[in-house]
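The structure file query30.cif is reproduced below (mmCIF, C-alpha atoms and all ligand atoms).
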```
data_run
#
loop_
_atom_site.label_atom_id
_atom_site.label_comp_id
_atom_site.auth_asym_id
_atom_site.auth_seq_id
_atom_site.Cartn_x
_atom_site.Cartn_y
_atom_site.Cartn_z
CA MET A 1 57.56 112.89 -27.81
CA ASN A 2 60.55 114.03 -25.76
CA GLU A 3 63.76 115.35 -27.36
CA ARG A 4 66.80 113.90 -25.61
CA SER A 5 69.87 116.13 -25.22
CA ASP A 6 71.71 113.58 -23.03
CA LYS A 7 73.26 111.06 -25.43
CA ARG A 8 73.72 108.37 -22.78
CA PRO A 9 71.22 105.47 -22.81
CA ALA A 10 67.90 106.52 -21.28
CA VAL A 11 66.75 104.40 -18.35
CA LEU A 12 63.31 104.93 -16.88
CA VAL A 13 62.66 103.60 -13.38
CA ILE A 14 58.95 103.39 -12.74
CA GLY A 15 58.36 103.53 -8.98
CA GLY A 16 60.51 105.36 -6.43
CA GLY A 17 60.43 102.89 -3.54
CA PRO A 18 63.58 101.24 -2.18
CA ALA A 19 63.75 98.76 -5.08
CA GLY A 20 63.51 101.40 -7.81
CA LEU A 21 65.86 103.80 -6.04
CA MET A 22 68.43 101.02 -5.67
CA ALA A 23 68.21 100.19 -9.39
CA ALA A 24 68.69 103.92 -10.15
CA THR A 25 71.70 104.00 -7.79
CA GLN A 26 73.44 101.31 -9.86
CA LEU A 27 72.87 103.15 -13.12
CA ALA A 28 73.36 106.82 -12.33
CA ASP A 29 76.94 107.01 -13.66
CA VAL A 30 76.35 105.15 -16.93
CA ALA A 31 72.89 106.27 -18.06
CA ALA A 32 70.47 109.18 -18.10
CA VAL A 33 68.19 107.89 -15.34
CA THR A 34 64.71 109.22 -14.63
CA VAL A 35 62.70 107.94 -11.67
CA ILE A 36 58.98 108.26 -12.25
CA ASP A 37 56.49 108.07 -9.39
CA GLN A 38 52.77 108.66 -9.20
CA LYS A 39 52.97 110.28 -5.75
CA ASN A 40 54.23 113.79 -5.07
CA ALA A 41 57.28 112.33 -3.30
CA VAL A 42 59.21 109.07 -3.56
CA GLY A 43 59.83 106.56 -0.78
CA ARG A 44 56.46 106.98 0.98
CA LYS A 45 56.21 103.36 2.08
CA PHE A 46 59.89 103.35 3.02
CA LEU A 47 59.04 106.11 5.49
CA VAL A 48 55.97 104.24 6.76
CA ALA A 49 58.29 101.29 7.45
CA GLY A 50 60.35 103.73 9.46
CA ASP A 51 57.39 104.71 11.64
CA GLY A 52 57.69 101.64 13.84
CA GLY A 53 61.17 100.18 14.29
CA PHE A 54 63.02 100.87 11.02
CA ASN A 55 64.41 97.40 10.29
CA LEU A 56 66.62 98.11 7.28
CA THR A 57 67.90 94.55 7.19
CA HIS A 58 68.76 91.76 9.61
CA SER A 59 72.11 90.56 10.95
CA GLU A 60 71.37 86.84 10.68
CA GLU A 61 74.08 84.62 9.13
CA ASP A 62 73.83 84.05 5.38
CA GLU A 63 72.33 80.53 5.34
CA ALA A 64 69.65 81.31 7.91
CA PHE A 65 69.04 84.67 6.24
CA LEU A 66 68.47 83.14 2.81
CA SER A 67 66.10 80.54 4.28
CA ARG A 68 63.68 83.39 5.10
CA TYR A 69 62.83 83.77 1.43
CA ASP A 70 60.43 81.53 -0.45
CA SER A 71 62.03 81.89 -3.88
CA GLU A 72 65.34 81.25 -5.60
CA TYR A 73 65.01 84.61 -7.37
CA VAL A 74 65.24 86.57 -4.10
CA ARG A 75 67.83 84.23 -2.60
CA HIS A 76 70.02 84.80 -5.66
CA ALA A 77 69.64 88.60 -5.39
CA VAL A 78 70.32 88.63 -1.63
CA GLY A 79 73.35 86.41 -2.25
CA VAL A 80 74.69 88.99 -4.71
CA PHE A 81 73.92 92.01 -2.51
CA PRO A 82 73.66 90.69 1.06
CA GLN A 83 72.95 92.40 4.36
CA SER A 84 76.63 93.29 4.87
CA SER A 85 76.63 95.13 1.52
CA VAL A 86 73.47 97.02 2.49
CA ARG A 87 75.14 98.21 5.68
CA LYS A 88 78.31 99.24 3.80
CA TRP A 89 76.27 101.09 1.20
CA LEU A 90 74.27 102.89 3.93
CA ALA A 91 77.54 103.86 5.61
CA SER A 92 78.73 105.30 2.28
CA LEU A 93 75.67 107.59 2.42
CA GLY A 94 76.63 108.64 5.94
CA ILE A 95 74.01 106.38 7.56
CA GLU A 96 75.63 104.24 10.24
CA THR A 97 73.62 101.25 11.48
CA TYR A 98 73.54 99.07 14.54
CA VAL A 99 72.27 95.58 15.37
CA GLY A 100 69.47 95.56 17.95
CA SER A 101 69.08 92.83 20.56
CA SER A 102 66.66 91.03 18.21
CA GLY A 103 69.31 90.89 15.47
CA LYS A 104 67.45 93.48 13.38
CA VAL A 105 69.52 96.26 11.83
CA PHE A 106 68.45 99.86 12.53
CA PRO A 107 69.83 103.29 11.60
CA ALA A 108 72.18 104.52 14.35
CA GLU A 109 70.47 106.23 17.25
CA GLY A 110 69.27 109.73 16.42
CA ILE A 111 69.02 109.09 12.65
CA LYS A 112 65.42 109.50 11.55
CA PRO A 113 63.93 107.59 8.58
CA ILE A 114 63.55 110.83 6.60
CA GLN A 115 67.28 111.44 7.01
CA VAL A 116 68.02 108.01 5.55
CA LEU A 117 65.77 108.75 2.57
CA ASN A 118 67.08 112.28 2.06
CA SER A 119 70.73 111.19 2.17
CA TRP A 120 69.93 108.63 -0.51
CA LEU A 121 68.00 111.13 -2.65
CA ASP A 122 70.77 113.75 -2.31
CA HIS A 123 73.24 111.17 -3.55
CA LEU A 124 71.03 110.30 -6.53
CA LYS A 125 70.40 113.94 -7.45
CA GLU A 126 74.11 114.75 -7.24
CA ALA A 127 74.73 111.80 -9.56
CA GLY A 128 72.31 113.36 -12.07
CA VAL A 129 69.22 111.19 -11.56
CA GLU A 130 66.05 113.09 -12.45
CA PHE A 131 62.67 112.67 -10.78
CA LYS A 132 59.26 113.04 -12.38
CA LEU A 133 56.65 113.03 -9.64
CA LYS A 134 52.84 112.95 -9.77
CA THR A 135 53.41 110.98 -12.96
CA ARG A 136 51.80 107.60 -13.50
CA LEU A 137 52.62 104.84 -15.97
CA ILE A 138 49.49 104.11 -17.99
CA ASP A 139 50.88 102.22 -20.99
CA TYR A 140 54.10 101.20 -22.71
CA THR A 141 55.46 99.81 -25.95
CA ASP A 142 58.89 98.50 -26.98
CA HIS A 143 60.59 101.89 -26.72
CA ASN A 144 58.05 104.31 -25.28
CA VAL A 145 56.02 104.80 -22.15
CA VAL A 146 52.76 106.68 -21.84
CA LEU A 147 52.51 108.65 -18.63
CA SER A 148 49.75 110.63 -17.06
CA ASN A 149 50.52 113.70 -14.95
CA PRO A 150 48.57 116.78 -13.85
CA ALA A 151 49.42 118.53 -17.14
CA GLY A 152 48.00 115.67 -19.26
CA VAL A 153 49.39 112.63 -21.03
CA ILE A 154 53.02 112.50 -22.16
CA THR A 155 55.15 109.97 -24.00
CA LEU A 156 58.80 109.30 -23.14
CA SER A 157 61.22 107.05 -24.97
CA TYR A 158 63.57 104.66 -23.18
CA ASP A 159 66.44 102.34 -23.94
CA TYR A 160 65.96 100.32 -20.76
CA MET A 161 63.22 100.36 -18.17
CA VAL A 162 62.87 99.09 -14.61
CA PHE A 163 59.44 98.40 -13.16
CA ALA A 164 59.50 98.83 -9.37
CA MET A 165 55.87 99.68 -8.65
CA GLY A 166 55.53 97.82 -5.35
CA GLY A 167 52.86 95.53 -3.93
CA ALA A 168 49.33 96.45 -2.92
CA SER A 169 49.35 97.21 0.80
CA TRP A 170 49.06 100.74 2.18
CA PRO A 171 47.78 102.19 -1.14
CA LYS A 172 47.95 105.73 0.22
CA THR A 173 51.75 105.45 -0.09
CA GLY A 174 51.33 104.89 -3.85
CA SER A 175 51.66 101.10 -3.68
CA ASP A 176 48.15 100.54 -5.00
CA GLY A 177 48.78 97.59 -7.32
CA LYS A 178 46.81 99.31 -10.09
CA TRP A 179 49.79 98.80 -12.40
CA MET A 180 48.40 95.27 -12.89
CA ARG A 181 45.96 96.79 -15.41
CA VAL A 182 48.86 98.16 -17.45
CA LEU A 183 50.73 94.87 -17.51
CA GLN A 184 47.79 92.55 -18.00
CA ASP A 185 47.60 93.15 -21.77
CA GLU A 186 51.27 92.28 -22.25
CA SER A 187 51.07 88.49 -21.88
CA ILE A 188 52.84 88.67 -18.52
CA GLU A 189 51.56 86.18 -15.96
CA LEU A 190 50.09 88.11 -13.04
CA ILE A 191 49.03 86.59 -9.73
CA PRO A 192 46.30 88.29 -7.67
CA PHE A 193 47.58 90.06 -4.57
CA GLN A 194 47.03 88.52 -1.15
CA ALA A 195 47.90 89.69 2.34
CA SER A 196 51.21 88.77 3.91
CA ASN A 197 52.65 89.63 7.33
CA SER A 198 49.04 90.09 8.35
CA GLY A 199 47.06 89.46 11.52
CA VAL A 200 44.16 87.02 11.24
CA GLN A 201 40.57 87.80 12.05
CA LEU A 202 38.88 85.53 14.58
CA ALA A 203 35.28 84.44 14.52
CA ASN A 204 35.33 84.50 18.35
CA ALA A 205 34.05 87.98 19.24
CA GLU A 206 33.80 86.98 22.90
CA LEU A 207 37.57 86.50 23.26
CA ILE A 208 38.21 89.87 21.64
CA ARG A 209 35.61 91.61 23.82
CA ARG A 210 37.16 90.26 27.01
CA HIS A 211 40.85 90.16 26.17
CA GLU A 212 41.72 92.80 23.54
CA GLY A 213 45.32 93.88 24.17
CA GLY A 214 46.19 90.64 25.97
CA VAL A 215 49.46 88.89 25.13
CA ILE A 216 49.85 85.11 24.97
CA LYS A 217 53.50 84.49 25.63
CA ASN A 218 55.81 81.73 24.38
CA VAL A 219 53.52 79.76 22.13
CA ARG A 220 54.27 78.36 18.70
CA VAL A 221 52.19 78.39 15.55
CA LYS A 222 52.31 75.82 12.75
CA THR A 223 53.83 77.09 9.51
CA LEU A 224 54.43 75.56 6.09
CA SER A 225 57.96 74.58 7.10
CA GLY A 226 57.51 73.67 10.79
CA TRP A 227 56.67 75.88 13.76
CA SER A 228 57.24 79.55 14.59
CA ALA A 229 57.65 80.50 18.25
CA GLY A 230 56.86 83.80 19.92
CA ASP A 231 54.08 85.86 21.45
CA ILE A 232 50.56 86.36 20.12
CA ILE A 233 48.65 89.59 20.75
CA VAL A 234 44.84 89.78 20.90
CA THR A 235 43.68 92.79 18.87
CA HIS A 236 40.33 94.40 18.10
CA TYR A 237 39.84 91.97 15.20
CA GLY A 238 41.67 88.79 16.23
CA ILE A 239 45.32 87.93 16.72
CA GLU A 240 48.67 89.10 15.40
CA GLY A 241 52.37 88.75 16.14
CA LYS A 242 55.43 87.13 14.59
CA PRO A 243 54.25 83.49 14.74
CA VAL A 244 50.86 84.45 13.28
CA TYR A 245 52.57 86.26 10.39
CA ALA A 246 54.82 83.24 9.86
CA ALA A 247 51.72 81.07 9.45
CA ASN A 248 50.21 83.34 6.77
CA SER A 249 51.45 81.19 3.88
CA LEU A 250 49.90 78.08 5.44
CA VAL A 251 46.56 79.88 5.81
CA ARG A 252 46.80 81.17 2.23
CA ALA A 253 47.28 77.51 1.19
CA GLY A 254 43.84 76.83 2.70
CA GLU A 255 45.00 75.11 5.89
CA LYS A 256 43.96 75.84 9.46
CA LEU A 257 45.94 78.13 11.74
CA CYS A 258 46.98 75.92 14.66
CA ILE A 259 48.66 76.99 17.88
CA ASP A 260 50.67 74.91 20.33
CA LEU A 261 49.67 76.68 23.53
CA LYS A 262 52.13 74.77 25.74
CA PRO A 263 55.28 74.07 23.68
CA GLN A 264 57.35 73.23 26.77
CA MET A 265 55.34 70.05 27.54
CA ASP A 266 54.26 67.04 25.53
CA GLU A 267 50.70 65.84 25.24
CA VAL A 268 51.12 62.88 27.63
CA ALA A 269 52.47 65.05 30.45
CA LEU A 270 49.73 67.59 29.87
CA GLU A 271 47.04 64.92 29.98
CA GLU A 272 48.46 63.62 33.26
CA LYS A 273 48.33 67.10 34.84
CA LEU A 274 44.77 67.63 33.62
CA ARG A 275 43.66 64.22 34.89
CA THR A 276 45.08 64.63 38.38
CA ALA A 277 43.79 68.18 39.00
CA LYS A 278 40.45 68.91 40.70
CA ASN A 279 39.19 70.70 37.60
CA VAL A 280 40.43 72.37 34.42
CA ARG A 281 40.83 75.78 36.05
CA GLU A 282 43.08 74.33 38.77
CA ALA A 283 45.08 72.32 36.22
CA PHE A 284 45.65 75.45 34.12
CA LYS A 285 46.83 77.33 37.22
CA LYS A 286 49.35 74.59 38.00
CA LEU A 287 50.45 74.56 34.38
CA ARG A 288 50.74 78.39 34.42
CA ILE A 289 48.34 78.65 31.51
CA PRO A 290 46.78 82.14 31.68
CA ASP A 291 43.07 82.88 32.11
CA LEU A 292 43.00 84.27 28.59
CA ILE A 293 43.66 80.80 27.17
CA TYR A 294 41.18 79.25 29.57
CA ASP A 295 38.49 81.68 28.38
CA TRP A 296 39.43 81.22 24.74
CA LEU A 297 39.24 77.42 24.86
CA LYS A 298 36.09 77.41 26.98
CA SER A 299 34.30 79.66 24.49
CA GLU A 300 35.45 77.74 21.42
CA VAL A 301 35.93 74.08 22.28
CA PRO A 302 32.92 71.72 22.73
CA LYS A 303 32.15 70.99 26.39
CA GLU A 304 32.90 67.26 25.97
CA THR A 305 36.41 68.10 24.76
CA PHE A 306 36.98 70.69 27.45
CA THR A 307 36.20 68.21 30.21
CA ASP A 308 38.08 65.24 28.70
CA PRO A 309 41.78 65.38 29.81
CA ALA A 310 43.08 63.48 26.77
CA ALA A 311 41.10 65.56 24.30
CA LEU A 312 41.96 68.85 26.05
CA ALA A 313 45.67 67.97 26.11
CA GLY A 314 45.42 67.45 22.35
CA VAL A 315 43.77 70.85 21.94
CA LEU A 316 46.48 72.55 24.02
CA LYS A 317 49.09 71.09 21.66
CA GLY A 318 47.20 72.06 18.51
CA PHE A 319 44.42 74.58 18.97
CA CYS A 320 42.95 75.63 15.62
CA PRO A 321 40.57 78.55 16.27
CA ALA A 322 37.92 79.53 13.74
CA ILE A 323 39.27 82.36 11.60
CA THR A 324 37.51 84.52 9.05
CA GLY A 325 40.55 85.65 7.03
CA PHE A 326 43.33 88.22 6.94
CA ARG A 327 43.18 91.96 7.46
CA PRO A 328 42.30 94.08 4.43
CA LEU A 329 45.24 94.71 2.06
CA GLU A 330 45.19 98.42 2.98
CA GLU A 331 46.43 97.52 6.46
CA VAL A 332 48.91 94.72 5.99
CA ILE A 333 52.69 95.06 5.97
CA SER A 334 53.24 93.35 2.64
CA THR A 335 51.58 91.42 -0.15
CA VAL A 336 52.33 88.35 -2.20
CA GLY A 337 51.21 88.14 -5.80
CA GLY A 338 52.05 90.45 -8.69
CA VAL A 339 54.36 89.48 -11.54
CA ALA A 340 54.90 85.69 -11.56
CA LEU A 341 58.51 84.66 -11.07
CA SER A 342 58.14 82.27 -14.01
CA GLY A 343 58.03 85.36 -16.23
CA ILE A 344 61.47 86.76 -15.34
CA ASP A 345 65.12 85.71 -15.61
CA PRO A 346 67.35 85.48 -12.48
CA ASP A 347 68.11 89.22 -12.65
CA GLY A 348 64.45 90.20 -13.01
CA LYS A 349 64.31 90.80 -16.79
CA LEU A 350 60.87 90.09 -18.21
CA LEU A 351 61.28 87.05 -20.46
CA ASN A 352 58.97 88.44 -23.11
CA GLU A 353 60.73 91.86 -23.22
CA GLU A 354 64.29 92.69 -24.20
CA ARG A 355 64.62 95.96 -22.30
CA ILE A 356 62.44 95.73 -19.21
CA TRP A 357 63.37 94.48 -15.72
CA CYS A 358 61.21 94.16 -12.59
CA CYS A 359 62.26 94.33 -8.95
CA GLY A 360 60.91 94.69 -5.42
CA GLU A 361 57.57 93.78 -3.95
CA MET A 362 55.68 93.90 -7.27
CA LEU A 363 57.02 90.37 -7.87
CA ASP A 364 55.43 87.29 -6.33
CA TRP A 365 57.79 86.44 -3.46
CA ASP A 366 57.30 86.33 0.28
CA ALA A 367 59.41 86.99 3.38
CA PRO A 368 58.85 87.89 7.01
CA THR A 369 58.96 91.49 8.15
CA GLY A 370 61.86 92.53 10.35
CA GLY A 371 64.31 93.73 7.70
CA TYR A 372 63.93 90.87 5.24
CA LEU A 373 61.43 92.73 3.03
CA LEU A 374 63.56 95.84 2.59
CA GLN A 375 66.66 93.69 2.10
CA ALA A 376 64.89 91.84 -0.74
CA CYS A 377 63.87 95.16 -2.31
CA PHE A 378 67.41 96.57 -2.08
CA SER A 379 68.91 93.34 -3.45
CA THR A 380 66.48 92.79 -6.33
CA GLY A 381 66.82 96.49 -7.29
CA TYR A 382 70.58 96.04 -7.18
CA VAL A 383 70.65 92.99 -9.49
CA ALA A 384 68.18 94.55 -11.95
CA GLY A 385 70.20 97.79 -12.07
CA ASN A 386 73.46 95.91 -12.50
CA ALA A 387 72.10 93.70 -15.27
CA ILE A 388 71.24 96.84 -17.25
CA ARG A 389 74.55 98.40 -16.28
CA ARG A 390 76.44 95.43 -17.74
CA ARG A 391 74.54 95.72 -21.01
CA ILE A 392 75.25 99.43 -21.24
CA LEU A 393 78.95 98.94 -20.54
CA ASN A 394 79.02 96.21 -23.22
CA GLY A 395 77.53 98.70 -25.65
CA GLU A 396 74.33 96.66 -26.07
CA LEU A 397 71.35 98.79 -26.92
C1 LIG B 1 53.53 99.50 8.04
C2 LIG B 1 54.70 98.92 7.31
C3 LIG B 1 55.88 98.67 8.00
C4 LIG B 1 56.97 98.07 7.35
N1 LIG B 1 58.11 97.85 8.05
C5 LIG B 1 59.15 97.25 7.45
C6 LIG B 1 60.37 97.03 8.16
O1 LIG B 1 60.55 97.49 9.28
N2 LIG B 1 61.36 96.32 7.52
C7 LIG B 1 61.21 95.84 6.25
O2 LIG B 1 62.11 95.17 5.75
N3 LIG B 1 60.09 96.12 5.52
C8 LIG B 1 59.08 96.81 6.09
N4 LIG B 1 57.94 97.08 5.37
C9 LIG B 1 57.87 96.66 3.95
C10 LIG B 1 58.63 97.60 2.99
O3 LIG B 1 58.31 98.93 3.27
C11 LIG B 1 58.22 97.26 1.54
O4 LIG B 1 58.48 95.89 1.31
C12 LIG B 1 59.01 98.09 0.52
O5 LIG B 1 58.75 99.46 0.68
C13 LIG B 1 58.66 97.69 -0.91
O6 LIG B 1 59.53 98.40 -1.75
P1 LIG B 1 59.26 98.55 -3.32
O7 LIG B 1 60.32 99.49 -3.81
O8 LIG B 1 59.15 97.23 -3.95
O9 LIG B 1 57.84 99.23 -3.45
P2 LIG B 1 57.19 100.51 -2.74
O10 LIG B 1 58.01 100.98 -1.60
O11 LIG B 1 55.80 100.12 -2.50
O12 LIG B 1 57.28 101.62 -3.88
C14 LIG B 1 56.56 101.51 -5.09
C15 LIG B 1 56.45 102.88 -5.70
O13 LIG B 1 55.87 102.75 -7.02
C16 LIG B 1 54.99 103.82 -7.25
N5 LIG B 1 54.01 103.42 -8.26
C17 LIG B 1 53.10 102.43 -8.19
N6 LIG B 1 52.40 102.34 -9.33
C18 LIG B 1 52.88 103.32 -10.15
C19 LIG B 1 52.56 103.74 -11.48
N7 LIG B 1 51.60 103.14 -12.21
N8 LIG B 1 53.25 104.78 -12.02
C20 LIG B 1 54.22 105.41 -11.28
N9 LIG B 1 54.56 105.05 -10.03
C21 LIG B 1 53.90 104.01 -9.48
C22 LIG B 1 54.38 104.10 -5.88
O14 LIG B 1 53.89 105.43 -5.78
C23 LIG B 1 55.55 103.83 -4.92
O15 LIG B 1 56.27 105.00 -4.60
C24 LIG B 1 56.87 97.73 5.97
C25 LIG B 1 55.69 98.02 5.27
C26 LIG B 1 54.62 98.60 5.93
C27 LIG B 1 53.38 98.92 5.15
#
```

Written form, structure tokens:
Amino acid sequence: MNERSDKRPAVLVIGGGPAGLMAATQLADVAAVTVIDQKNAVGRKFLVAGDGGFNLTHSEEDEAFLSRYDSEYVRHAVGVFPQSSVRKWLASLGIETYVGSSGKVFPAEGIKPIQVLNSWLDHLKEAGVEFKLKTRLIDYTDHNVVLSNPAGVITLSYDYMVFAMGGASWPKTGSDGKWMRVLQDESIELIPFQASNSGVQLANAELIRRHEGGVIKNVRVKTLSGWSAGDIIVTHYGIEGKPVYAANSLVRAGEKLCIDLKPQMDEVALEEKLRTAKNVREAFKKLRIPDLIYDWLKSEVPKETFTDPAALAGVLKGFCPAITGFRPLEEVISTVGGVALSGIDPDGKLLNEERIWCCGEMLDWDAPTGGYLLQACFSTGYVAGNAIRRRILNGEL
């Protein structure tokens, strides 16, 4: 058992991703905070997010921004600590940001993701936050955690604890979802992980063979709440792109993925064009429908449909290709599943625990990529940290 020399309340943050680090940030001046992570460095997935465009948040207006989230829990947290607060906080670390043409918020030109992380970590270390790396949570009780590290198994006591152990994509970053085994004995409702912000695998190998790398521009894909417009990219396994990601929740609900391949025209006008052309190929040329779509439909739609103008117009407005599922969790941008939201209060406190809060992607919420995921992690870490902070300042232990 550890001997504590610091008489301030002890807060353990399990998981050093953006959610856990943000909770630690809120507590550093009122508690003895230790961030525990199973990897040899914190923020691994945060850096992976920085490998492509590093969308730290998005500049969208509040109402539209909040509509990106599927749960009141995240909307509440983002309302408390919105995108403008994230940008102000980053500026306080010396990280200026700018809004790209897409509305996404990036670190100012020349600032690398590792600099963002290091500025944050420097701030935390200066504030006295300690880090225990290569240390994994394997069990916990009301006041103690059992941790495994290269030296063996240790027990630490805590007054408050924050779980921020992430989802289950990109396990090499430490987000392996194995913490589910630790929590499953604690009567906490856990929901199996599923892919989110994932491409979908197509049954049609012929399309992939002929058109891998091709882009289908300006289509829209059916989602749970309407349609999502954008471009679709043909990959080595199927299709991906913003509208495909947006349809993930519909596919997870067991429905077909359906694409409107000609959103600019209605079915009647399309049928007319198809009927008056010499053949389908000529009609597609006049309609500026690319060969890729011609090949895709020809190889997937029954011949009778392909040659019937009315039926083909219907397919162009709602083409539902045969899919075989999502990409493996190891490859996807995020996951849904984890701790059920029914098991926490609005600030993330576990209802069946008095001293434990959860935050970040380990909870069962969903959002599109493009800054919304990190924003949710910052915001939920912020509200969890502040809920504990309030208790500490009120002298509640
Ligand atoms: C390729 C890719 C690109 C992305 N791009 C973007 C983007 O541009 N914009 C955006 O908003 N989001 C993006 N994301 C998503 C974003 O990175 C994640 O949503 C975010 O990192 C989740 O933060 P978190 O703190 O909840 O968990 P994580 O960042 O996953 O951190 C969890 C931490 O917990 C630790 N841990 C797990 N189990 C234990 C245990 N038992 N004991 C101790 N430690 C443990 C892990 O080692 C890890 O460090 C991207 C993700 C990927 C994979």

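Comparing A:Asp37, A:Glu130, A:Glu61, A:Asp70 by their smallest distance to Ala367 in chain A, the closest is A:Asp70 (using all atoms listed in the file).
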
- Message: I need every residue sitting at most 8 Å from the point (48.9, 89.0, -8.5) (coordinates as in the file, all atoms listed in the file considered), written as a PyMOL selection string.
- Response: chain A and resi 180+190-194+336-340+364

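With all atoms listed in the file as the basis for measurement, A:Val42 is the residue among A:Val221, A:Val42, A:Leu183, A:Ala31 that approaches ligand LIG 1 (chain B) most closely.
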
- Query: For Pro171 in chain A, which residue out of A:Lys45, A:Arg390, A:Lys349, A:Lys317 is the nearest one, using all atoms listed in the file?
  - Reply: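 Counting all atoms listed in the file, the residue closest to Pro171 in chain A is A:Lys45.
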
- Message: At a cut-off of 7 Å around ligand LIG 1 (chain B), and using only C-alpha atoms and all ligand atoms, what residues come up? Please write them as a PyMOL selection string.
- Response: chain A and resi 14-20+36-39+42-46+48-50+52-57+135-138+164-167+169-170+173-179+332-334+359-362+369-375+377

- Task: Name the closest residue to Gly94 in chain A among the candidates A:Glu206, A:Asp51, A:Asp122, A:Glu304; distances are taken between atoms, counting all atoms listed in the file.
- Result: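 Smallest distance to Gly94 in chain A is found for A:Asp122.
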
- Select, from A:Gly343, A:Pro290, A:Gly103, A:Gly385, the residue with the minimum atom-to-atom distance to Ala28 in chain A, counting only C-alpha atoms.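 When distances to Ala28 in chain A are compared using only C-alpha atoms, the smallest one comes from A:Gly385.
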
- Taking into account all atoms listed in the file, which residue in the set A:Ile111, A:Ile289, A:Ile233, A:Val33 is nearest to Asp159 in chain A?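 The shortest atom-to-atom distance to Asp159 in chain A comes from A:Val33.
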
Taking only N, CA and C atoms, show range 109-125 of chain A of the given structure as a PDB file, in the first residue's frame.
```pdb
ATOM      1  N   GLU A 109      -0.449  27.029 -38.343  1.00  0.00           N
ATOM      2  CA  GLU A 109       0.541  26.451 -39.263  1.00  0.00           C
ATOM      3  C   GLU A 109       1.911  26.348 -38.581  1.00  0.00           C
ATOM      4  N   GLY A 110       2.564  25.227 -38.788  1.00  0.00           N
ATOM      5  CA  GLY A 110       3.908  25.042 -38.220  1.00  0.00           C
ATOM      6  C   GLY A 110       3.891  24.370 -36.850  1.00  0.00           C
ATOM      7  N   ILE A 111       2.697  24.293 -36.214  1.00  0.00           N
ATOM      8  CA  ILE A 111       2.640  23.625 -34.896  1.00  0.00           C
ATOM      9  C   ILE A 111       2.320  22.146 -35.110  1.00  0.00           C
ATOM     10  N   LYS A 112       3.239  21.298 -34.702  1.00  0.00           N
ATOM     11  CA  LYS A 112       3.051  19.857 -34.908  1.00  0.00           C
ATOM     12  C   LYS A 112       2.231  19.260 -33.753  1.00  0.00           C
ATOM     13  N   PRO A 113       1.534  18.133 -34.012  1.00  0.00           N
ATOM     14  CA  PRO A 113       0.741  17.504 -32.944  1.00  0.00           C
ATOM     15  C   PRO A 113       1.561  17.244 -31.669  1.00  0.00           C
ATOM     16  N   ILE A 114       2.802  16.813 -31.829  1.00  0.00           N
ATOM     17  CA  ILE A 114       3.609  16.516 -30.629  1.00  0.00           C
ATOM     18  C   ILE A 114       3.845  17.786 -29.809  1.00  0.00           C
ATOM     19  N   GLN A 115       3.900  18.934 -30.493  1.00  0.00           N
ATOM     20  CA  GLN A 115       4.072  20.191 -29.741  1.00  0.00           C
ATOM     21  C   GLN A 115       2.823  20.513 -28.927  1.00  0.00           C
ATOM     22  N   VAL A 116       1.656  20.212 -29.511  1.00  0.00           N
ATOM     23  CA  VAL A 116       0.404  20.434 -28.772  1.00  0.00           C
ATOM     24  C   VAL A 116       0.424  19.570 -27.510  1.00  0.00           C
ATOM     25  N   LEU A 117       0.739  18.282 -27.701  1.00  0.00           N
ATOM     26  CA  LEU A 117       0.742  17.360 -26.560  1.00  0.00           C
ATOM     27  C   LEU A 117       1.792  17.783 -25.531  1.00  0.00           C
ATOM     28  N   ASN A 118       2.989  18.089 -25.983  1.00  0.00           N
ATOM     29  CA  ASN A 118       4.052  18.439 -25.030  1.00  0.00           C
ATOM     30  C   ASN A 118       3.747  19.724 -24.264  1.00  0.00           C
ATOM     31  N   SER A 119       3.147  20.708 -24.918  1.00  0.00           N
ATOM     32  CA  SER A 119       2.788  21.943 -24.203  1.00  0.00           C
ATOM     33  C   SER A 119       1.805  21.615 -23.081  1.00  0.00           C
ATOM     34  N   TRP A 120       0.862  20.743 -23.402  1.00  0.00           N
ATOM     35  CA  TRP A 120      -0.147  20.343 -22.412  1.00  0.00           C
ATOM     36  C   TRP A 120       0.525  19.591 -21.253  1.00  0.00           C
ATOM     37  N   LEU A 121       1.387  18.636 -21.601  1.00  0.00           N
ATOM     38  CA  LEU A 121       2.042  17.834 -20.558  1.00  0.00           C
ATOM     39  C   LEU A 121       2.960  18.702 -19.700  1.00  0.00           C
ATOM     40  N   ASP A 122       3.664  19.651 -20.325  1.00  0.00           N
ATOM     41  CA  ASP A 122       4.526  20.563 -19.544  1.00  0.00           C
ATOM     42  C   ASP A 122       3.685  21.316 -18.521  1.00  0.00           C
ATOM     43  N   HIS A 123       2.528  21.777 -18.987  1.00  0.00           N
ATOM     44  CA  HIS A 123       1.632  22.518 -18.089  1.00  0.00           C
ATOM     45  C   HIS A 123       1.209  21.625 -16.912  1.00  0.00           C
ATOM     46  N   LEU A 124       0.846  20.389 -17.216  1.00  0.00           N
ATOM     47  CA  LEU A 124       0.388  19.484 -16.154  1.00  0.00           C
ATOM     48  C   LEU A 124       1.512  19.165 -15.175  1.00  0.00           C
ATOM     49  N   LYS A 125       2.704  18.935 -15.716  1.00  0.00           N
ATOM     50  CA  LYS A 125       3.839  18.594 -14.831  1.00  0.00           C
ATOM     51  C   LYS A 125       4.194  19.783 -13.947  1.00  0.00           C
TER      52      LYS A 125
END
```
